[in-house]
Each structure stands twice: as C-alpha cells, then as structure tokens.
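Okay, upload24.cif is below, mmCIF, C-alpha atoms:
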```
data_data
loop_
_atom_site.label_atom_id
_atom_site.label_comp_id
_atom_site.auth_asym_id
_atom_site.auth_seq_id
_atom_site.Cartn_x
_atom_site.Cartn_y
_atom_site.Cartn_z
CA MET A 1 -2.67 28.75 1.85
CA THR A 2 1.10 28.89 2.40
CA ARG A 3 3.03 30.90 -0.13
CA ALA A 4 4.76 27.70 -1.22
CA ALA A 5 1.43 25.91 -1.72
CA GLU A 6 0.10 28.83 -3.77
CA ASP A 7 3.17 28.78 -5.98
CA ILE A 8 2.87 25.05 -6.59
CA VAL A 9 -0.82 25.32 -7.54
CA ALA A 10 0.00 28.22 -9.87
CA ASP A 11 2.84 26.27 -11.50
CA PHE A 12 0.64 23.24 -12.18
CA GLN A 13 -2.29 25.33 -13.39
CA PHE A 14 -0.02 27.20 -15.79
CA LEU A 15 0.98 23.99 -17.58
CA GLU A 16 -0.97 21.68 -19.90
CA GLY A 17 -1.37 17.88 -19.83
CA SER A 18 1.99 16.26 -20.47
CA ASP A 19 3.94 19.23 -19.07
CA ARG A 20 2.06 18.80 -15.81
CA LEU A 21 3.23 15.20 -15.74
CA GLN A 22 6.78 16.37 -16.37
CA LEU A 23 6.54 18.75 -13.42
CA LEU A 24 5.23 15.93 -11.22
CA LEU A 25 8.20 13.82 -12.34
CA GLU A 26 10.57 16.64 -11.36
CA PHE A 27 8.96 16.80 -7.94
CA SER A 28 9.36 13.03 -7.55
CA GLU A 29 13.07 13.31 -8.29
CA ALA A 30 13.44 16.12 -5.74
CA LEU A 31 12.01 14.26 -2.75
CA PRO A 32 14.69 14.37 -0.03
CA ASP A 33 16.12 11.09 1.20
CA LEU A 34 14.68 9.79 4.43
CA ASP A 35 16.40 11.08 7.54
CA GLU A 36 18.71 8.40 9.03
CA ARG A 37 16.88 8.46 12.34
CA TYR A 38 13.78 7.13 10.56
CA GLY A 39 15.68 4.92 8.17
CA ASP A 40 16.99 3.02 11.18
CA HIS A 41 13.59 3.00 12.88
CA PRO A 42 10.89 2.33 10.31
CA GLU A 43 8.40 1.62 13.14
CA LEU A 44 8.32 5.39 13.82
CA LEU A 45 6.73 5.96 10.42
CA GLU A 46 3.03 5.64 9.64
CA ARG A 47 1.87 3.81 6.52
CA VAL A 48 -0.52 5.73 4.28
CA GLU A 49 -3.10 3.01 3.61
CA GLU A 50 -4.97 5.08 1.04
CA CYS A 51 -2.05 4.97 -1.37
CA GLN A 52 -1.69 2.07 -3.78
CA SER A 53 2.08 2.12 -3.30
CA PRO A 54 3.87 1.72 0.02
CA VAL A 55 4.44 5.22 1.38
CA PHE A 56 5.25 6.11 4.96
CA ILE A 57 5.19 9.46 6.74
CA ALA A 58 6.43 11.01 9.96
CA VAL A 59 5.79 14.45 11.42
CA ASP A 60 8.12 16.08 13.96
CA GLY A 61 9.56 19.47 14.87
CA THR A 62 7.61 22.04 16.87
CA ALA A 63 4.29 23.83 16.47
CA ALA A 64 6.21 26.83 15.15
CA LYS A 65 8.12 24.73 12.63
CA ILE A 66 6.77 21.35 11.62
CA VAL A 67 9.10 19.00 9.74
CA LEU A 68 7.73 16.30 7.43
CA HIS A 69 9.41 13.02 6.50
CA PHE A 70 8.47 10.67 3.69
CA SER A 71 9.55 7.27 2.51
CA ALA A 72 8.32 6.07 -0.88
CA PRO A 73 9.98 3.61 -3.28
CA ARG A 74 11.78 4.84 -6.40
CA GLU A 75 9.60 2.55 -8.50
CA SER A 76 6.54 4.58 -7.47
CA PRO A 77 7.33 7.97 -9.00
CA THR A 78 3.75 9.25 -8.85
CA THR A 79 3.52 8.62 -5.13
CA ARG A 80 6.95 10.19 -4.63
CA GLY A 81 5.81 13.19 -6.64
CA PHE A 82 2.80 13.69 -4.38
CA ALA A 83 4.96 13.30 -1.28
CA SER A 84 7.43 15.81 -2.65
CA ILE A 85 4.68 18.35 -3.39
CA LEU A 86 3.40 18.05 0.18
CA PHE A 87 6.94 18.37 1.49
CA SER A 88 7.57 21.55 -0.51
CA ALA A 89 4.19 23.05 0.35
CA LEU A 90 4.13 22.25 4.06
CA SER A 91 7.43 21.28 5.64
CA SER A 92 9.09 23.97 7.78
CA HIS A 93 5.77 25.79 8.10
CA SER A 94 3.86 26.27 11.35
CA ALA A 95 1.28 23.78 12.55
CA GLU A 96 -1.36 26.46 12.16
CA GLU A 97 -0.52 27.01 8.50
CA ILE A 98 -0.62 23.29 7.81
CA LEU A 99 -3.96 22.78 9.56
CA GLN A 100 -5.47 25.74 7.74
CA LEU A 101 -4.58 24.57 4.26
CA SER A 102 -7.74 23.35 2.50
CA ASP A 103 -8.30 19.59 2.20
CA ASP A 104 -8.89 20.31 -1.47
CA PHE A 105 -5.28 21.32 -2.06
CA PRO A 106 -4.49 18.07 -3.94
CA THR A 107 -7.47 18.66 -6.24
CA GLU A 108 -6.43 22.26 -6.93
CA LEU A 109 -3.28 21.01 -8.66
CA GLY A 110 -5.54 19.98 -11.56
CA LEU A 111 -4.18 16.48 -11.89
CA ASP A 112 -7.52 14.66 -11.87
CA HIS A 113 -7.71 14.32 -15.62
CA ILE A 114 -4.20 13.03 -16.15
CA ILE A 115 -3.87 10.89 -13.04
CA THR A 116 -6.62 8.53 -11.92
CA PRO A 117 -9.07 9.76 -9.29
CA LEU A 118 -7.93 6.90 -7.05
CA ARG A 119 -4.39 8.27 -7.13
CA VAL A 120 -5.48 11.78 -6.25
CA ARG A 121 -7.44 10.26 -3.36
CA GLY A 122 -4.19 8.66 -2.24
CA MET A 123 -2.62 12.09 -2.04
CA ARG A 124 -5.60 13.39 -0.09
CA GLY A 125 -5.05 10.48 2.31
CA MET A 126 -1.41 11.44 2.75
CA PHE A 127 -2.44 15.03 3.43
CA ALA A 128 -5.19 14.04 5.90
CA ARG A 129 -2.72 11.95 7.88
CA ILE A 130 -0.17 14.77 7.95
CA LYS A 131 -2.83 17.08 9.34
CA ARG A 132 -3.88 14.55 11.98
CA LYS A 133 -0.30 13.90 13.07
CA THR A 134 0.39 17.64 13.16
CA ALA A 135 -2.65 18.18 15.41
CA GLU A 136 -1.48 15.32 17.67
CA LEU A 137 1.99 16.81 17.94
CA VAL A 138 0.61 20.22 18.88
CA ALA A 139 -1.72 18.66 21.49
CA LYS A 140 1.19 16.73 23.02
CA ASP A 141 3.37 19.85 23.27
CA ALA A 142 0.61 22.03 24.71
CA MET B 1 10.64 -25.77 -13.35
CA ASN B 2 12.35 -23.32 -15.65
CA GLN B 3 10.39 -20.52 -17.24
CA LEU B 4 10.41 -21.95 -20.76
CA SER B 5 9.05 -25.37 -19.81
CA LYS B 6 6.51 -23.68 -17.55
CA ILE B 7 5.29 -21.53 -20.46
CA ALA B 8 5.21 -24.55 -22.79
CA GLU B 9 2.53 -26.14 -20.60
CA TYR B 10 0.00 -23.35 -20.96
CA ALA B 11 -2.92 -23.65 -23.36
CA ASN B 12 -1.49 -20.83 -25.53
CA PRO B 13 2.24 -20.76 -24.89
CA ASP B 14 2.80 -18.49 -27.89
CA VAL B 15 1.39 -15.38 -26.21
CA LEU B 16 4.03 -15.23 -23.47
CA VAL B 17 7.63 -14.25 -24.00
CA THR B 18 10.60 -14.22 -21.62
CA THR B 19 13.01 -11.37 -21.00
CA GLU B 20 15.71 -13.44 -22.71
CA TRP B 21 13.59 -13.80 -25.85
CA LEU B 22 12.76 -10.11 -25.88
CA LYS B 23 16.41 -9.08 -25.53
CA HIS B 24 17.09 -10.87 -28.81
CA ASN B 25 13.97 -9.75 -30.64
CA LEU B 26 13.71 -6.05 -29.81
CA ASP B 27 14.15 -5.11 -33.46
CA ASN B 28 11.34 -7.34 -34.70
CA VAL B 29 8.52 -6.23 -32.43
CA ILE B 30 6.88 -3.08 -31.07
CA VAL B 31 7.33 -3.00 -27.32
CA VAL B 32 4.59 -1.18 -25.41
CA GLU B 33 4.77 -0.27 -21.72
CA SER B 34 1.48 0.09 -19.84
CA ASP B 35 1.84 0.91 -16.14
CA GLU B 36 -0.34 1.61 -13.20
CA ASP B 37 2.09 4.36 -12.21
CA ILE B 38 1.89 6.60 -15.26
CA LEU B 39 5.24 8.30 -14.51
CA LEU B 40 7.23 5.09 -14.43
CA TYR B 41 7.94 4.99 -18.17
CA GLU B 42 9.59 8.41 -17.94
CA THR B 43 12.02 7.16 -15.29
CA GLY B 44 13.32 4.51 -17.71
CA HIS B 45 11.92 1.83 -20.03
CA ILE B 46 12.94 -1.00 -22.34
CA PRO B 47 14.88 0.47 -25.31
CA GLY B 48 12.51 1.34 -28.14
CA ALA B 49 9.37 0.88 -26.02
CA VAL B 50 6.48 3.30 -26.48
CA LYS B 51 4.24 4.31 -23.59
CA LEU B 52 0.54 3.63 -23.46
CA ASP B 53 -1.35 5.58 -20.82
CA TRP B 54 -4.37 3.44 -19.91
CA HIS B 55 -6.10 6.28 -18.13
CA THR B 56 -5.94 9.01 -20.77
CA GLU B 57 -5.46 7.03 -23.99
CA LEU B 58 -7.68 3.94 -23.90
CA ASN B 59 -10.89 5.43 -22.57
CA HIS B 60 -13.58 7.31 -24.41
CA PRO B 61 -13.20 11.00 -23.54
CA LEU B 62 -16.85 11.44 -22.53
CA ARG B 63 -18.75 8.19 -22.03
CA ARG B 64 -17.67 5.44 -19.66
CA ASP B 65 -16.47 3.30 -22.53
CA TYR B 66 -13.42 2.50 -24.62
CA LEU B 67 -12.12 4.27 -27.68
CA GLU B 68 -14.08 4.07 -30.89
CA SER B 69 -12.61 2.67 -34.08
CA GLU B 70 -11.29 5.95 -35.49
CA GLU B 71 -9.66 6.93 -32.22
CA PHE B 72 -8.01 3.55 -31.82
CA ALA B 73 -6.55 3.83 -35.32
CA LYS B 74 -5.29 7.31 -34.49
CA LEU B 75 -3.74 6.06 -31.26
CA MET B 76 -1.97 3.22 -33.10
CA ASN B 77 -0.64 5.71 -35.67
CA LEU B 78 0.63 7.94 -32.91
CA LYS B 79 2.47 4.99 -31.36
CA GLY B 80 3.84 3.77 -34.68
CA ILE B 81 1.99 0.45 -34.53
CA GLY B 82 0.86 -1.24 -37.75
CA ARG B 83 -2.09 -3.64 -37.97
CA HIS B 84 0.20 -6.61 -38.59
CA ASP B 85 2.97 -5.63 -36.19
CA THR B 86 3.73 -7.90 -33.29
CA VAL B 87 3.14 -5.96 -30.09
CA VAL B 88 4.84 -7.03 -26.86
CA LEU B 89 3.18 -5.58 -23.78
CA TYR B 90 4.74 -5.24 -20.36
CA GLY B 91 4.20 -3.16 -17.26
CA ASP B 92 4.49 -2.70 -13.53
CA ARG B 93 2.63 -4.61 -10.81
CA SER B 94 2.95 -8.01 -12.44
CA ASN B 95 1.56 -6.79 -15.74
CA TRP B 96 -1.73 -5.73 -14.24
CA TRP B 97 -2.14 -2.80 -16.65
CA ALA B 98 -0.34 -4.53 -19.47
CA THR B 99 -3.06 -7.20 -19.52
CA TYR B 100 -5.66 -4.45 -19.47
CA ALA B 101 -4.08 -2.97 -22.60
CA PHE B 102 -3.87 -6.51 -24.01
CA TRP B 103 -7.62 -6.87 -23.57
CA VAL B 104 -8.29 -3.54 -25.32
CA PHE B 105 -6.05 -4.56 -28.25
CA LYS B 106 -8.17 -7.71 -28.52
CA LEU B 107 -11.41 -5.68 -28.52
CA PHE B 108 -10.08 -4.29 -31.79
CA GLY B 109 -8.98 -7.69 -33.02
CA HIS B 110 -5.26 -6.90 -33.14
CA GLU B 111 -3.90 -10.35 -33.83
CA ASN B 112 -0.29 -10.40 -32.75
CA VAL B 113 -0.16 -9.32 -29.15
CA LEU B 114 2.30 -10.91 -26.73
CA LEU B 115 2.96 -10.39 -23.04
CA LEU B 116 6.33 -10.28 -21.30
CA ASP B 117 6.10 -12.85 -18.47
CA GLY B 118 7.06 -11.09 -15.24
CA GLY B 119 6.69 -7.62 -16.73
CA ARG B 120 8.80 -4.61 -15.94
CA ASN B 121 10.28 -5.83 -12.66
CA LYS B 122 11.44 -9.13 -14.13
CA TRP B 123 13.08 -7.33 -17.04
CA ILE B 124 15.04 -5.17 -14.61
CA ALA B 125 15.78 -8.09 -12.27
CA ASP B 126 17.16 -10.06 -15.23
CA GLY B 127 19.59 -7.25 -15.99
CA GLY B 128 17.66 -5.87 -18.96
CA VAL B 129 18.78 -2.44 -20.12
CA ILE B 130 16.49 0.52 -19.51
CA THR B 131 16.71 3.94 -21.07
CA LYS B 132 15.03 7.34 -20.85
CA ASP B 133 15.27 7.85 -24.63
CA LYS B 134 11.88 8.00 -26.26
CA PRO B 135 11.68 6.38 -29.70
CA ALA B 136 10.66 8.42 -32.73
CA THR B 137 7.46 6.95 -34.15
CA THR B 138 5.91 7.16 -37.59
CA SER B 139 2.36 6.34 -38.57
CA LYS B 140 1.81 3.05 -40.37
CA ASP B 141 -1.75 3.86 -41.44
CA TYR B 142 -3.55 1.58 -39.04
CA PRO B 143 -6.92 0.77 -40.59
CA VAL B 144 -10.17 1.82 -38.93
CA VAL B 145 -11.44 -1.50 -37.59
CA GLU B 146 -14.65 -2.32 -35.79
CA ARG B 147 -14.51 -2.88 -32.05
CA HIS B 148 -15.92 -6.29 -31.15
CA ASP B 149 -17.29 -6.27 -27.63
CA SER B 150 -19.44 -9.38 -27.65
CA GLU B 151 -16.77 -12.06 -27.33
CA ILE B 152 -14.62 -10.80 -24.48
CA ARG B 153 -16.64 -8.04 -22.83
CA ALA B 154 -19.66 -8.55 -20.56
CA PHE B 155 -22.35 -5.98 -19.83
CA ARG B 156 -24.49 -5.77 -16.69
CA ASP B 157 -27.60 -7.46 -18.09
CA GLU B 158 -25.47 -10.36 -19.30
CA VAL B 159 -23.85 -10.59 -15.88
CA LEU B 160 -27.28 -10.77 -14.26
CA GLN B 161 -28.19 -13.64 -16.57
CA HIS B 162 -24.88 -15.32 -15.79
CA ILE B 163 -25.40 -15.56 -12.00
CA GLY B 164 -25.02 -19.19 -10.95
CA GLN B 165 -22.47 -19.92 -13.68
CA PRO B 166 -18.68 -19.58 -13.35
CA MET B 167 -17.87 -16.04 -12.26
CA VAL B 168 -14.71 -14.80 -10.62
CA ASP B 169 -14.40 -11.80 -8.32
CA VAL B 170 -10.71 -10.91 -8.42
CA ARG B 171 -10.70 -8.13 -5.80
CA SER B 172 -9.24 -8.46 -2.30
CA PRO B 173 -11.08 -10.65 0.23
CA GLU B 174 -12.17 -7.51 2.14
CA GLU B 175 -13.74 -5.99 -0.95
CA TYR B 176 -15.43 -9.32 -1.75
CA SER B 177 -16.97 -9.72 1.70
CA GLY B 178 -18.13 -6.13 1.73
CA GLU B 179 -16.09 -5.09 4.77
CA ARG B 180 -14.05 -2.69 2.77
CA LEU B 181 -16.00 0.13 1.26
CA HIS B 182 -15.13 2.74 3.81
CA MET B 183 -11.43 3.35 4.02
CA PRO B 184 -9.95 5.50 6.78
CA ASP B 185 -10.47 9.19 5.97
CA PHE B 186 -12.45 8.29 2.87
CA PRO B 187 -16.14 7.73 3.25
CA ASN B 188 -16.59 6.32 -0.23
CA GLU B 189 -14.59 3.97 -2.43
CA GLY B 190 -16.78 4.57 -5.46
CA ALA B 191 -19.76 2.32 -4.76
CA THR B 192 -22.75 2.75 -2.48
CA ARG B 193 -22.98 -0.95 -1.54
CA GLY B 194 -20.28 -3.43 -0.55
CA GLY B 195 -20.11 -7.15 -1.26
CA HIS B 196 -20.02 -9.24 -4.42
CA ILE B 197 -22.21 -10.54 -7.22
CA PRO B 198 -24.09 -13.57 -5.83
CA THR B 199 -22.43 -16.95 -6.58
CA ALA B 200 -19.13 -15.38 -7.75
CA ALA B 201 -16.01 -17.12 -6.44
CA SER B 202 -13.32 -15.06 -4.74
CA ILE B 203 -9.95 -15.49 -6.45
CA PRO B 204 -7.80 -12.38 -5.91
CA TRP B 205 -5.93 -11.66 -9.14
CA SER B 206 -2.52 -11.70 -7.48
CA LYS B 207 -2.88 -15.37 -6.56
CA SER B 208 -1.95 -16.16 -10.18
CA ILE B 209 1.46 -14.57 -9.68
CA GLN B 210 4.74 -15.87 -8.21
CA GLU B 211 7.40 -14.00 -6.20
CA ASP B 212 9.23 -12.89 -9.34
CA GLU B 213 5.94 -11.61 -10.85
CA THR B 214 5.73 -14.31 -13.52
CA PHE B 215 2.60 -16.44 -13.80
CA ARG B 216 2.22 -19.55 -11.67
CA PRO B 217 2.69 -22.93 -13.38
CA LEU B 218 -0.34 -24.49 -15.06
CA ALA B 219 -1.09 -27.08 -12.34
CA GLU B 220 -1.27 -24.38 -9.63
CA LEU B 221 -3.54 -22.21 -11.77
CA GLU B 222 -5.81 -25.17 -12.49
CA LYS B 223 -6.12 -25.85 -8.77
CA LEU B 224 -6.96 -22.22 -8.07
CA TYR B 225 -9.56 -21.73 -10.80
CA PHE B 226 -11.07 -25.19 -11.27
CA GLU B 227 -10.39 -27.56 -8.38
CA ASP B 228 -10.94 -25.06 -5.57
CA THR B 229 -14.10 -23.63 -7.16
CA GLY B 230 -15.61 -26.74 -8.74
CA TYR B 231 -15.92 -24.80 -11.99
CA ASP B 232 -15.83 -26.73 -15.26
CA ARG B 233 -13.19 -25.46 -17.69
CA ARG B 234 -15.63 -25.97 -20.58
CA SER B 235 -18.09 -23.45 -19.13
CA ASP B 236 -18.36 -19.77 -19.98
CA PHE B 237 -16.61 -17.53 -17.46
CA ILE B 238 -16.96 -13.89 -16.42
CA ALA B 239 -14.35 -12.01 -14.38
CA TYR B 240 -14.81 -8.65 -12.66
CA CYS B 241 -13.10 -6.35 -10.17
CA ARG B 242 -13.55 -2.65 -9.38
CA ILE B 243 -13.28 -1.03 -12.82
CA GLY B 244 -12.22 -3.97 -14.98
CA GLU B 245 -8.43 -3.63 -14.77
CA ARG B 246 -7.42 -6.32 -12.30
CA SER B 247 -9.96 -8.63 -13.93
CA SER B 248 -8.24 -8.25 -17.32
CA HIS B 249 -5.31 -9.98 -15.67
CA SER B 250 -7.53 -12.90 -14.58
CA TRP B 251 -9.24 -12.84 -17.97
CA PHE B 252 -5.82 -13.35 -19.54
CA VAL B 253 -5.02 -16.24 -17.18
CA LEU B 254 -8.33 -17.98 -17.86
CA LYS B 255 -8.30 -17.50 -21.61
CA TYR B 256 -4.67 -17.86 -22.65
CA LEU B 257 -3.03 -19.86 -19.89
CA LEU B 258 -5.89 -22.15 -18.88
CA GLY B 259 -7.52 -22.29 -22.30
CA VAL B 260 -11.11 -21.49 -21.30
CA LYS B 261 -12.87 -20.87 -24.60
CA ASN B 262 -15.33 -18.18 -23.58
CA VAL B 263 -14.20 -15.70 -20.97
CA ARG B 264 -15.56 -12.20 -20.72
CA ASN B 265 -14.34 -9.28 -18.65
CA TYR B 266 -17.10 -7.28 -16.97
CA ASP B 267 -15.47 -3.84 -17.07
CA GLY B 268 -18.45 -2.15 -15.42
CA SER B 269 -17.38 -4.23 -12.42
CA TRP B 270 -18.07 -3.19 -8.85
CA THR B 271 -18.21 0.54 -9.52
CA GLU B 272 -21.25 -0.21 -11.69
CA TRP B 273 -22.78 -3.22 -9.88
CA GLY B 274 -22.40 -1.73 -6.39
CA ASN B 275 -24.30 1.36 -7.53
CA LEU B 276 -26.91 -0.34 -9.69
CA VAL B 277 -30.44 0.06 -8.37
CA GLY B 278 -32.00 -3.31 -7.59
CA ALA B 279 -28.95 -5.43 -8.46
CA PRO B 280 -28.63 -8.51 -6.20
CA ILE B 281 -25.61 -8.53 -3.87
CA ALA B 282 -24.15 -11.10 -1.48
CA THR B 283 -21.96 -10.20 1.51
CA GLY B 284 -19.53 -12.19 3.64
CA SER B 285 -16.89 -14.67 2.56
CA GLU B 286 -19.30 -17.19 0.95
CA PRO B 287 -20.38 -16.89 -2.71
CA GLY B 288 -24.06 -16.83 -1.76
CA LEU B 289 -27.05 -18.11 -3.70
CA ALA B 290 -28.70 -17.10 -6.94
CA ALA B 291 -32.03 -15.41 -6.19
#
```

Give the structure from this file in structure tokens form.
Amino acid sequence: MTRAAEDIVADFQFLEGSDRLQLLLEFSEALPDLDERYGDHPELLERVEECQSPVFIAVDGTAAKIVLHFSAPRESPTTRGFASILFSALSSHSAEEILQLSDDFPTELGLDHIITPLRVRGMRGMFARIKRKTAELVAKDA
Amino acid sequence: MNQLSKIAEYANPDVLVTTEWLKHNLDNVIVVESDEDILLYETGHIPGAVKLDWHTELNHPLRRDYLESEEFAKLMNLKGIGRHDTVVLYGDRSNWWATYAFWVFKLFGHENVLLLDGGRNKWIADGGVITKDKPATTSKDYPVVERHDSEIRAFRDEVLQHIGQPMVDVRSPEEYSGERLHMPDFPNEGATRGGHIPTAASIPWSKSIQEDETFRPLAELEKLYFEDTGYDRRSDFIAYCRIGERSSHSWFVLKYLLGVKNVRNYDGSWTEWGNLVGAPIATGSEPGLAA
C-alpha cells in the first residue's frame, strides 16, 4: 500500500459514522479541477460505467510517475469524494505501486455501512479501470 | 401546459407542490430532503430542510426490513416532525429517493406528506435559495404507531399469486431482458438470475419524468401505463425494481397521479426474486407467459 493510501485508510478508520461522511465531503471538495487538455477533449476520458453518476477518468504520465485525472459533477459529491480519495492515494505514484494496491482498498475505508454497497462497488469500478489503464500505459511505453 | 394546470389534472393534485408554493410556505411545513447521493444535503439544501438518509435511517438495522414502530417514532422525534405536521419531501434524481421516503411515511400512516414536483434540481433551477445551515430540531413526541404493510407493500408469495395481473418492472430495458446482470469488472449485480417476473410490463421509472425532472402530464402517463400495456386502471397493480427504490417512484405515479386504487410496491424486488429458488422468470424483451 502507498503511504498515502495507508494514511487515508487510517484516517477513515479512526472516525465514526457521521464524521466519516464529513471526511468524505472534505475529499469531494478537494478534488482538483480537470486539466484543460482534457476539458477541451472529453473524448480522451473514459466513462466509469459502474458509477451511478457520470464520472470520467484519464491516466497519463510515465511508469515512474503516473498522473490521474477525474471529471465528476459537483452535484455528485459522493462520487467526487471517491475520485478524490483515489487521486490522493495514487496520483504521482509509480505504476508498480498502483498495480500492487489491493482491489479491496475501497472496502478498507469502512464506508460500507454508511454508503450503499452499490456506491462502494462504483468506487471499486473506478479503481479497477485506473489499474487497467495504468497497465496499458506501461505496456505501451515498454 | 403550465405546471399548475398540469398538476390540477392528476387524480390527487393535493400531494404535489411547486417550488413557487414552497418558497411561500417554508414556515408552515417540515421540509425533508432524501437523496440518492447522501452527501448532497451537506453541500447545500432548502432553508430549514432536515436530511433523511434512506440507507442508514429507514432500514431495520439487522433484518432486511423497514424500521419498527418505536424506531420510526424516534426518527421523527430526531427530525422534529410531529404526527400532524405537513411534510414536504424532495430530493435528487427526479425525486427517486424522495418518493421512497414518501412510501415509508405512508407505511406508518403519516397523513400529510407532499412532494416537491421536480425535486432538488428544479428548486435550484427556479432560483430557490440553498444553505448549508442545519436547522435545530426539537422532539414533538411522535406517537408509536403501527406499521401497515398490507395496503402498499407486496411480499414474494403475493407477487407469485399476482402473475398475470398488472405488474410493472421499472428497471432499465437491459435489466428487464436479463442481458444486464454482469457489468464490466463486476461479476455480480446482486442476483444470481437475470430477467423479469413473467407477464410484468417494462416501464422504466424515468419515463414518467420530463426534462426539468417534473412529472409528465396526465395524458402521457395514461398512455404509458394503460394504453401501451392494455392494463385496466381499476385493477390491482404491483411495481418492482432492484431493491424497491425506483419502484416507489412508479408506485407514487400510479397511486397519486393516475389514481389507481390498489398499488403495492414489491420492495424485495429483483434482489429477492432473482435469487429465490424455484421462482419463475422470463427473459428477453417480451413480458412472457404465466406458467
């Protein structure tokens, strides 16, 4: 697990019910704006079909330093929160670190009881797609 | 057609209010926000509105069931809702979860429950104020009342008996046909079999909604639910979806807008039926036949 991912899990686990929601809200507010290059070219982004809200991702950078991009509407704060957690945990890390992080990372945040299981599955979908795109990027560069 | 004359045509026009009406009546009602995205309320809500979290607050903590009488009374006290208060529900996604909450209020026989036509998005689109301030609430000693399931809630054995009579599957066409059970990267959507309950008509819930998220006019709803299906409005209806949320929306349309006398929501829905040993299932885009 990346140090950042460990810290995020620890922060969520430390808090109880409504405080966990508050933390997720803070994450949602901290999601960086979409890079202009993607804003002007939405076709470069991939839609995460597993999410109930429209969220799009892109993965670029190099194997040594992967950069993640997300686009999710302001009226979908939960989805933005998930995107922001993945951004903080994974972006600017190496492809190897991203691919090694357990698929269960979204579950380890302990949100299952306060967010619906379907939602948490949406986050797992986002994560699975990031991993796949990271692996594709590495294969292309190799 | 303007919104007021559209509402006046429905079987029960009194259960729907407009944003304009609500702006002038905020002090006389308890506004309750019920969203699919449970963080949305925190980003801003109608002044004075309390939040209802459908996932953590309406369900029984252990069984797959709704709150019991004592818990519902406690929940109402926590939200500052009295038994005779007029509750106005609204939410995101065209009131999808607001109608779910509406249905639960009716399980407990709360009389005065209204719905904001167009929900959260319409309120904002109409220039309604939103705030992050959470109202202070005080208990109004809500009485412990019995939950009445029989009138508006259907259970699996009743659904089995009902096959061949008016039944509405409100999920997406792909879920109805059975194509969509396996989503990319996810081997299981919560049921072991795909398809629909034999003879059920496919009417996705969102077909009842217009661009601005308000309900379609009466004539269009009548076409959708009666003319296109051949169903008789005097019959008993059952609606279902995946877990009973989207079908609360269609339940509301059938009961309050179209005036069908007996409509029940099958909250077990596909996550129960699609896992039920021996339950009959039809696949493809046709309703199929009763066994």

task: Give as JSON, numbers by chain every residue of chain B that touches chain A within 7 Å, counting only C-alpha atoms.
output: {"B": [37, 39, 40, 55, 56, 185]}

task: Evaluate the PyMOL selection byres ((chain B and resi 4) around 10) and record the selected residues as an NGL selection string, following the chain and residue labels used in the document.
output: :B and (1-3 or 5-9 or 13 or 16-18)

- prompt: Looking at all atoms listed in the file, which of B:Asn25, B:Trp97, B:Lys140, B:Lys106 is the one that sits closest to B:Lys74?
  reply: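 For B:Lys74, the nearest of the candidates is B:Lys140.
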
- prompt: What do you get, as a count of residues only, if you spell out every residue that the PyMOL selection byres ((chain A and resi 54-67) around 6) selects here?
  reply: 16

Would you write out, as a tab-separated table, a table of all residues in stretch 91-182 of chain B that have an atom no more than 12 Å from an atom of stretch 218-225 of chain B, listing for each the closest atom pair and the distance in Å to one decimal, considering only C-alpha atoms and ordering rows by chain and rising residue number?
```
residue	atom	partner	partner_atom	distance
B:Pro166	CA	B:Tyr225	CA	9.7
B:Met167	CA	B:Tyr225	CA	10.2
B:Val168	CA	B:Tyr225	CA	8.6
B:Asp169	CA	B:Tyr225	CA	11.3
B:Val170	CA	B:Tyr225	CA	11.1
```

task: Find the distance between atom CA of B:Asp85 and atom CA of B:Trp103 and write it in Å to one decimal.
output: 16.5 Å

- request: Please measure the separation of atom CA of B:Gly230 and atom CA of B:Glu151, giving the value in Å to one decimal.
  value: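 So the answer is 23.7 Å.
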
Mind filling out stretch 65-82 of chain A with N, CA and C atoms and sending it as a compact mmCIF listing (two decimals), in the frame of the given file?
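Just written: out18.txt:
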```
# COMPACT_ATOMS: atom_id res chain seq x y z
N LYS A 65 7.46 25.21 13.85
CA LYS A 65 8.12 24.73 12.63
C LYS A 65 8.02 23.21 12.55
N ILE A 66 7.02 22.78 11.79
CA ILE A 66 6.77 21.35 11.62
C ILE A 66 7.71 20.81 10.53
N VAL A 67 8.25 19.62 10.77
CA VAL A 67 9.10 19.00 9.74
C VAL A 67 8.46 17.68 9.29
N LEU A 68 8.36 17.50 7.99
CA LEU A 68 7.73 16.30 7.43
C LEU A 68 8.79 15.34 6.88
N HIS A 69 8.51 14.05 7.02
CA HIS A 69 9.41 13.02 6.50
C HIS A 69 8.61 12.02 5.68
N PHE A 70 9.17 11.62 4.56
CA PHE A 70 8.47 10.67 3.69
C PHE A 70 9.39 9.54 3.27
N SER A 71 8.81 8.38 3.11
CA SER A 71 9.55 7.27 2.51
C SER A 71 8.66 6.62 1.47
N ALA A 72 9.10 6.67 0.22
CA ALA A 72 8.32 6.07 -0.88
C ALA A 72 9.31 5.48 -1.88
N PRO A 73 9.01 4.29 -2.41
CA PRO A 73 9.98 3.61 -3.28
C PRO A 73 10.21 4.34 -4.61
N ARG A 74 11.42 4.21 -5.12
CA ARG A 74 11.78 4.84 -6.40
C ARG A 74 10.90 4.34 -7.55
N GLU A 75 10.41 3.07 -7.40
CA GLU A 75 9.60 2.55 -8.50
C GLU A 75 8.15 3.03 -8.43
N SER A 76 7.87 3.96 -7.53
CA SER A 76 6.54 4.58 -7.47
C SER A 76 6.65 6.10 -7.63
N PRO A 77 7.06 6.55 -8.82
CA PRO A 77 7.33 7.97 -9.00
C PRO A 77 6.11 8.88 -8.75
N THR A 78 4.91 8.40 -9.06
CA THR A 78 3.75 9.25 -8.85
C THR A 78 3.56 9.52 -7.36
N THR A 79 3.67 8.47 -6.57
CA THR A 79 3.52 8.62 -5.13
C THR A 79 4.63 9.52 -4.57
N ARG A 80 5.84 9.33 -5.06
CA ARG A 80 6.95 10.19 -4.63
C ARG A 80 6.70 11.63 -5.00
N GLY A 81 6.12 11.83 -6.19
CA GLY A 81 5.81 13.19 -6.64
C GLY A 81 4.83 13.87 -5.70
N PHE A 82 3.79 13.14 -5.32
CA PHE A 82 2.80 13.69 -4.38
C PHE A 82 3.45 14.02 -3.04
```
